[in-house]
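Student: Before we start, here is the structure in question, set down as structure tokens.
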Amino acid sequence: MSTLFVRTLREDPADAEVASHRLLVRAGYIRRAAPGIYTWLPLGLAVLRKIEGIIRDEMNAIGAQEVSFPALLPREPYEATNRWTEYGDNIFRMQDRKGGDYLLGPTHEEMFTLLVKDMYSSYKDLPLSLYQIQTKYRDEARPRAGLLRGREFTMKDSYSFDVTDAGLDASYQRHRDAYVRIFDRLGFDYAIVRATAGAMGGSKSEEFLAKADVGEDTYVRCTRCDYAANVEAVKVRPPVAVATEANGWGDAPPAHAEATPDTPTIDTLVDHLNAAFPRADRPWAAGDTLKNVLVLLKHPDGTREPLAIGLPGDREVDQKRLEGQLEPIEVEPMDEATFAKHPALVKGYIGPGVLGEEGASGIRYLVDPRVAEGTRWVTGADVAGSHVIDLVAGRDFTADGTIEAAEVRDGDACPNCEDGTLESARGIEMGHVFQLGRKYAEALDLKVLDENGKLVTVTMGSYGVGVTRAVAAIAEDTLDEIGLCWPRHVAPADVHVVAAGKEEAVFAAAEELVAGLVAAGLEVLYDDRAGKISPGVKFKDAELIGVPTIVTVGRGVADPDNRVVEIKDRRTGERHEVALAGAVDALVGIVRG
């Protein structure tokens, strides 16, 4: 380490929000270059390259072939798929000296599609899987958490090309199985969950989430069955219709407007209902009310559109869940100026009566699936100080559609089984697999001749792994209160040898041991720093850097009749001494199992 390009820090960096970020900087793995942009130092690159190696092993094992695209990409392919517009402010755009438009690649679906179109034209060339491990760029508005959300990052992205949907299913499964092997080898706890396709498009979609309290993604799992999903992808189970048109809307009385003065909030409305209109069966609750929330949709081309969302009054709109349904559209609260343009809206008393594309406001109206036909509600009467009671969906109002935008809570019914409930956890998105279908092939005219000589559109799958994010996710999952603690498969070295002393005999013995370990094929990090660097500093650095096996060469080598070194397991803290003469064999046994 006397010549290694590294500098450990005793204090946490001021901008570090999560433990992995703090420790990766302090231990000398990365350095901040700009917000969301990091320089990789030798220790960090060693870990990164091992992760890339594991990914390559498993991709090659399923027959995928590696290519490499440029990061600087032309505008035209992204125009063809409309993503030049859809990405909005989220990509880095630039012009060359002739005024030509370019972008720094955020993802490469278009380029893969065009490459295959350029080279292949027959069904006999397929199935095909191609991949790359390459730097991506996205203009994150709020880069955070170090490597977990940056503006420049490394991804493995791969794509499958098939003639038939059955072929796509098979390619998808091969990639999914490869991902299980990749994440098992990387050594962190993860969950596979259903996901939305978002701006990528396509149908079937699953995420691989590293379980972590600092994760930006919330997912739920069922207490009884194997259902697991990102909250953005959770489908609410609609209530069974009791009142329908076929049965004359059951026992629901006609809707009636009642005076409800000074009740602009759900809480004040419920209090008033219980005081003025008590129920015989139970008290009124927030879940009996229909709340109508107004937002503004910002389309990629800059246009804005108002939207009304109807949901039970005991639920809030989940911004991330809403945006997941609408991506690439962004969502903003409706401002006062926009509200004033719709005089039919009465703040605090908005009801379905004025909502909908055919309503007085002309505002599109989407409701939560719980607002199903036959359900009965209390909601605004579109008059200040008045609400409608016994308003029945399907009888008294009809929405323009449904949307999954309400918050998902622990204890909610599982959408997949009858008896289970949902419980939530947080995770870091490490991998995402999509069945893209024919979206990009159609946009870029990727067709091949089938066995009958007919041109058919190729169907595609897309499969991504966050490589730099994996460094942070593994660190986050395995660190402890004193430093990093790498799994052996990705550690920057197999053994960290510490020469703890100033005597020539100590350094001579340490160098003898290091030479033996290297000759045995092990990777060694050797702390040979002399001078004013104390053994205590070396020990703290070894624990901070987190190599799985630490060997101390110190006073134990002074006795010519019993020369011993100490071996420490970084994770468990267990220590034991071995004879210097047998240390190489002992360490090879530990490293190779």
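Every chain in the structure tokens has a letter given in the order shown (A, B, ...), and although residue numbers restart at 1 in each chain, ligands are simply numbered from 1 in the order shown.
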Taking 6 positions as the minimum chain separation for residues in the same chain, which residues sit within 10 Å of segment 344-359 of chain A when counting only C-alpha atoms? Answer as a ChimeraX atom specification.
Tutor: /A:260,262-266,290-294,307-310,365-366,378-388,391,393,396-401
Student: As a ChimeraX atom specification, please: all residues of segment 288-460 of chain A that backbone DSSP puts in alpha helix (DSSP H).
Tutor: /A:319-326,336-340,439-444
Student: Write out, as CSV, each residue of segment 413-492 of chain A that has an atom at most 9 Å from segment 544-560 of chain A, together with the closest pair of atoms and their distance in Å to one decimal, counting only C-alpha atoms, rows going by chain and rising number.
Tutor:
residue,atom,partner,partner_atom,distance
A:Leu479,CA,A:Gly546,CA,8.2
A:Ile482,CA,A:Leu544,CA,6.2
A:Gly483,CA,A:Leu544,CA,3.9
A:Leu484,CA,A:Gly546,CA,4.5
A:Cys485,CA,A:Gly546,CA,4.2
A:Trp486,CA,A:Gly546,CA,5.7
A:Pro487,CA,A:Pro548,CA,6.8
A:Arg488,CA,A:Pro548,CA,6.1
A:Ala491,CA,A:Val547,CA,5.9
A:Pro492,CA,A:Val547,CA,6.8
Student: Write out as a list of chain:residue names the residues lying within 7 Å of Arg194 of chain A, counting only C-alpha atoms and excluding same-chain residues fewer than 4 positions away.
Tutor: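 Those residues are A:Ser205, A:Glu206, A:Glu207, A:Ala228, A:Ala229, A:Asn230, A:Ala233.
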Student: Could you dump the residues just selected with C-alpha atoms as a PDB file, in the first residue's frame?
Tutor:
ATOM      1  CA  SER A 205     -41.677  -6.983 -16.587  1.00  0.00           C
ATOM      2  CA  GLU A 206     -39.843  -8.011 -13.412  1.00  0.00           C
ATOM      3  CA  GLU A 207     -37.302  -6.297 -11.160  1.00  0.00           C
ATOM      4  CA  ALA A 228     -44.352  -9.875  -4.810  1.00  0.00           C
ATOM      5  CA  ALA A 229     -44.498  -6.592  -6.695  1.00  0.00           C
ATOM      6  CA  ASN A 230     -43.061  -3.121  -6.802  1.00  0.00           C
ATOM      7  CA  ALA A 233     -47.143  -2.492 -10.271  1.00  0.00           C
TER       8      ALA A 233
END
Student: For a quick check of understanding, using only C-alpha atoms, which of A:Ala145, A:Ala210, A:Ile533, A:Val67 has the smallest distance to Gln132 of chain A?
Tutor: A:Val67
Student: Nearest to Ser534 of chain A: which of A:Ala500, A:Ala257, A:Ala252, A:Val565 is it, counting only C-alpha atoms?
Tutor: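 Nearest candidate to Ser534 of chain A out of A:Ala500, A:Ala257, A:Ala252, A:Val565: A:Ala500.
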Student: For Ala241 of chain A, which residue among A:Asp101, A:Ala61, A:Thr375, A:Ala510 is the nearest when counting only C-alpha atoms?
Tutor: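 Among the listed residues, A:Thr375 lies closest to Ala241 of chain A.
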Student: Find the residues around Asn60 of chain A up to 10 Å (only C-alpha atoms counted), leave out those fewer than 3 positions away in its own chain, and share them as JSON, numbers by chain.
Tutor: {"A": [55, 56, 57, 63, 64, 65, 66, 129, 130, 131, 178]}
Student: Find the residues near Ala71 of chain A: any atom within 12 Å, counting only C-alpha atoms, skip ones fewer than 6 places away on the same chain, and give them as a list in words.
Tutor: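 So the residues in contact are Phe92, Arg93, Tyr102, Leu103, Leu104, Gly105, Pro106, Thr107, His108, Met111, Gln132, Ile133, Gln134, Thr135, Lys136, Tyr137, Arg138, Glu152, Phe153, Thr154 and Met155 of chain A.
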Student: Save out the residues we just selected, N, CA and C atoms, as a short mmCIF file (atom, residue, chain, number, x, y, z; two decimals), in the first residue's frame.
Tutor:
data_model
loop_
_atom_site.label_atom_id
_atom_site.label_comp_id
_atom_site.auth_asym_id
_atom_site.auth_seq_id
_atom_site.Cartn_x
_atom_site.Cartn_y
_atom_site.Cartn_z
N PHE A 92 -28.77 14.03 -21.66
CA PHE A 92 -27.80 15.05 -22.04
C PHE A 92 -27.80 15.18 -23.56
N ARG A 93 -28.12 16.36 -24.05
CA ARG A 93 -28.18 16.64 -25.48
C ARG A 93 -27.04 17.59 -25.87
N TYR A 102 -27.05 15.38 -31.06
CA TYR A 102 -26.58 14.12 -30.47
C TYR A 102 -27.05 14.03 -29.02
N LEU A 103 -26.94 12.84 -28.47
CA LEU A 103 -27.21 12.65 -27.05
C LEU A 103 -26.20 11.68 -26.47
N LEU A 104 -25.98 11.77 -25.16
CA LEU A 104 -25.20 10.77 -24.46
C LEU A 104 -26.17 9.66 -24.07
N GLY A 105 -25.87 8.44 -24.50
CA GLY A 105 -26.82 7.35 -24.42
C GLY A 105 -27.32 7.03 -23.02
N PRO A 106 -28.65 7.15 -22.80
CA PRO A 106 -29.22 6.72 -21.53
C PRO A 106 -29.53 5.24 -21.53
N THR A 107 -29.76 4.69 -22.72
CA THR A 107 -30.02 3.28 -22.95
C THR A 107 -29.98 3.07 -24.46
N HIS A 108 -29.86 1.82 -24.91
CA HIS A 108 -29.45 1.60 -26.30
C HIS A 108 -30.41 0.72 -27.11
N MET A 111 -30.18 1.45 -30.85
CA MET A 111 -28.93 1.10 -31.53
C MET A 111 -28.82 -0.42 -31.73
N GLN A 132 -23.98 -5.64 -23.89
CA GLN A 132 -22.81 -4.80 -23.69
C GLN A 132 -22.74 -4.41 -22.22
N ILE A 133 -21.55 -4.05 -21.78
CA ILE A 133 -21.34 -3.45 -20.46
C ILE A 133 -20.74 -2.08 -20.75
N GLN A 134 -21.52 -1.04 -20.51
CA GLN A 134 -21.14 0.27 -21.05
C GLN A 134 -21.64 1.40 -20.16
N THR A 135 -21.00 2.54 -20.28
CA THR A 135 -21.37 3.71 -19.50
C THR A 135 -22.63 4.36 -20.07
N LYS A 136 -23.55 4.73 -19.17
CA LYS A 136 -24.80 5.40 -19.54
C LYS A 136 -24.83 6.78 -18.88
N TYR A 137 -25.69 7.62 -19.42
CA TYR A 137 -25.79 9.00 -18.91
C TYR A 137 -27.25 9.41 -18.81
N ARG A 138 -27.64 9.91 -17.66
CA ARG A 138 -28.98 10.47 -17.49
C ARG A 138 -28.86 11.71 -16.62
N GLU A 152 -23.80 9.48 -14.29
CA GLU A 152 -23.00 8.60 -15.14
C GLU A 152 -22.88 7.27 -14.40
N PHE A 153 -23.16 6.17 -15.10
CA PHE A 153 -23.13 4.87 -14.45
C PHE A 153 -22.90 3.79 -15.50
N THR A 154 -22.47 2.64 -15.04
CA THR A 154 -22.23 1.51 -15.94
C THR A 154 -23.37 0.52 -15.82
N MET A 155 -23.86 0.08 -16.97
CA MET A 155 -24.91 -0.92 -17.02
C MET A 155 -24.51 -2.06 -17.93
#
Student: Extract the full set of strand (DSSP E) residues from segment 89-165 of chain A according to DSSP on the backbone, and format it as a list of chain:residue names.
Tutor: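 Of segment 89-165 of chain A, only A:Arg93, A:Met94, A:Gln95, A:Asp101, A:Tyr102, A:Leu103, A:Leu104, A:Leu128, A:Ser129, A:Leu130, A:Tyr131, A:Gln132, A:Ile133, A:Gln134, A:Thr135, A:Lys136, A:Tyr137, A:Glu152, A:Phe153, A:Thr154, A:Met155, A:Lys156, A:Asp157, A:Ser158, A:Tyr159, A:Ser160, A:Phe161, A:Asp162 fall in strand (DSSP E).
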Student: How many Å lie between atom CA of Arg370 of chain A and atom CA of Pro239 of chain A, rounded to one decimal?
Tutor: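 For atom CA of Arg370 of chain A relative to atom CA of Pro239 of chain A, the distance reads 6.1 Å.
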Student: Closest to Trp84 of chain A among A:Asp157, A:Pro300, A:Asp165, A:Phe277, using only C-alpha atoms?
Tutor: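 Distance minimum relative to Trp84 of chain A lands on A:Pro300.
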Student: Arg176 of chain A: which residues within 10 Å, counting only C-alpha atoms, same-chain residues fewer than 2 positions away excluded, as a VMD selection string?
Tutor: chain A and resid 170 to 174 178 to 182 192 206 to 208 431 to 434 463
Student: Using only C-alpha atoms, determine which residues lie at most 8 Å from Val317 of chain A, disregarding the query and same-chain residues fewer than 2 positions distant; provide the list as a PDB file with N, CA, C and O atoms, in the first residue's frame.
Tutor:
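Output file part.pdb is given in full below:
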ATOM      1  N   VAL A 293     -58.853  14.334  -6.379  1.00  0.00           N
ATOM      2  CA  VAL A 293     -57.579  15.053  -6.356  1.00  0.00           C
ATOM      3  C   VAL A 293     -57.258  15.536  -7.761  1.00  0.00           C
ATOM      4  O   VAL A 293     -57.341  14.774  -8.734  1.00  0.00           O
ATOM      5  N   ARG A 315     -57.325   7.261   1.616  1.00  0.00           N
ATOM      6  CA  ARG A 315     -56.096   6.993   0.852  1.00  0.00           C
ATOM      7  C   ARG A 315     -55.548   8.292   0.287  1.00  0.00           C
ATOM      8  O   ARG A 315     -56.302   9.225  -0.011  1.00  0.00           O
ATOM      9  N   GLN A 319     -47.442   9.557  -5.434  1.00  0.00           N
ATOM     10  CA  GLN A 319     -46.865  10.245  -6.598  1.00  0.00           C
ATOM     11  C   GLN A 319     -46.058   9.297  -7.470  1.00  0.00           C
ATOM     12  O   GLN A 319     -46.177   9.303  -8.699  1.00  0.00           O
ATOM     13  N   LEU A 322     -48.375   6.900  -9.266  1.00  0.00           N
ATOM     14  CA  LEU A 322     -49.085   7.607 -10.332  1.00  0.00           C
ATOM     15  C   LEU A 322     -48.182   7.820 -11.535  1.00  0.00           C
ATOM     16  O   LEU A 322     -48.567   7.548 -12.679  1.00  0.00           O
ATOM     17  N   ALA A 405     -53.356   4.532  -8.604  1.00  0.00           N
ATOM     18  CA  ALA A 405     -52.556   5.648  -8.098  1.00  0.00           C
ATOM     19  C   ALA A 405     -52.631   5.803  -6.593  1.00  0.00           C
ATOM     20  O   ALA A 405     -51.886   6.595  -6.018  1.00  0.00           O
ATOM     21  N   ALA A 406     -53.511   5.083  -5.924  1.00  0.00           N
ATOM     22  CA  ALA A 406     -53.642   5.215  -4.471  1.00  0.00           C
ATOM     23  C   ALA A 406     -52.486   4.505  -3.775  1.00  0.00           C
ATOM     24  O   ALA A 406     -51.960   3.498  -4.265  1.00  0.00           O
ATOM     25  N   GLU A 407     -52.105   5.020  -2.620  1.00  0.00           N
ATOM     26  CA  GLU A 407     -51.037   4.402  -1.841  1.00  0.00           C
ATOM     27  C   GLU A 407     -51.386   2.955  -1.500  1.00  0.00           C
ATOM     28  O   GLU A 407     -52.557   2.598  -1.318  1.00  0.00           O
TER      29      GLU A 407
END
Student: Taking into account only C-alpha atoms, which residue in the set A:Glu323, A:Asp527, A:Glu442, A:Asp125 is nearest to Val295 of chain A?
Tutor: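 Selected residue with least distance to Val295 of chain A: A:Glu323.
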Student: Could you make a table, as a tab-separated table, of the residues of segment 95-195 of chain A that have an atom within 7 Å of an atom of segment 29-36 of chain A, each with its nearest atom pair and distance in Å to one decimal, counting only C-alpha atoms, in chain and number order?
Tutor:
residue	atom	partner	partner_atom	distance
A:Pro143	CA	A:Gly36	CA	5.0
A:Arg144	CA	A:Gly36	CA	6.8
A:Gly146	CA	A:Gly36	CA	6.7
A:Arg149	CA	A:Gly36	CA	6.9
A:Gly150	CA	A:Gly36	CA	4.0
A:Arg151	CA	A:Gly36	CA	4.9
A:Glu152	CA	A:Gly36	CA	6.8
Student: What does the file look like for those residues with N, CA and C atoms, as a PDB file, in the first residue's frame?
Tutor:
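So part_35.pdb came out as:
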ATOM      1  N   PRO A 143     -29.371  13.769  -8.144  1.00  0.00           N
ATOM      2  CA  PRO A 143     -28.501  12.624  -7.875  1.00  0.00           C
ATOM      3  C   PRO A 143     -28.296  12.481  -6.372  1.00  0.00           C
ATOM      4  N   ARG A 144     -28.314  11.240  -5.884  1.00  0.00           N
ATOM      5  CA  ARG A 144     -28.217  11.041  -4.440  1.00  0.00           C
ATOM      6  C   ARG A 144     -27.622   9.676  -4.144  1.00  0.00           C
ATOM      7  N   GLY A 146     -24.695   8.524  -3.508  1.00  0.00           N
ATOM      8  CA  GLY A 146     -23.467   8.045  -4.128  1.00  0.00           C
ATOM      9  C   GLY A 146     -23.728   7.326  -5.435  1.00  0.00           C
ATOM     10  N   ARG A 149     -27.720   6.485  -7.250  1.00  0.00           N
ATOM     11  CA  ARG A 149     -28.453   7.271  -8.249  1.00  0.00           C
ATOM     12  C   ARG A 149     -27.538   8.365  -8.766  1.00  0.00           C
ATOM     13  N   GLY A 150     -26.885   8.076  -9.879  1.00  0.00           N
ATOM     14  CA  GLY A 150     -25.927   9.018 -10.433  1.00  0.00           C
ATOM     15  C   GLY A 150     -26.295   9.458 -11.833  1.00  0.00           C
ATOM     16  N   ARG A 151     -25.505  10.362 -12.356  1.00  0.00           N
ATOM     17  CA  ARG A 151     -25.706  10.865 -13.720  1.00  0.00           C
ATOM     18  C   ARG A 151     -24.892  10.077 -14.737  1.00  0.00           C
ATOM     19  N   GLU A 152     -23.803   9.479 -14.287  1.00  0.00           N
ATOM     20  CA  GLU A 152     -23.002   8.598 -15.137  1.00  0.00           C
ATOM     21  C   GLU A 152     -22.883   7.274 -14.403  1.00  0.00           C
TER      22      GLU A 152
END
Student: Check the smallest atom-to-atom distance from each of A:Thr218, A:Lys98, A:Leu522, A:Phe339 to Ala493 of chain A using only C-alpha atoms, then report the winner.
Tutor: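 Selected residue with least distance to Ala493 of chain A: A:Leu522.
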Student: Give me, please, the distance in Å between atom CA of Ala472 of chain A and atom CA of Tyr219 of chain A, quoted to one decimal.
Tutor: 19.6 Å
Student: In Å, how far is it from atom CA of Gly573 of chain A to atom CA of Phe539 of chain A?
Tutor: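 Separation between atom CA of Gly573 of chain A and atom CA of Phe539 of chain A: 12.4 Å.
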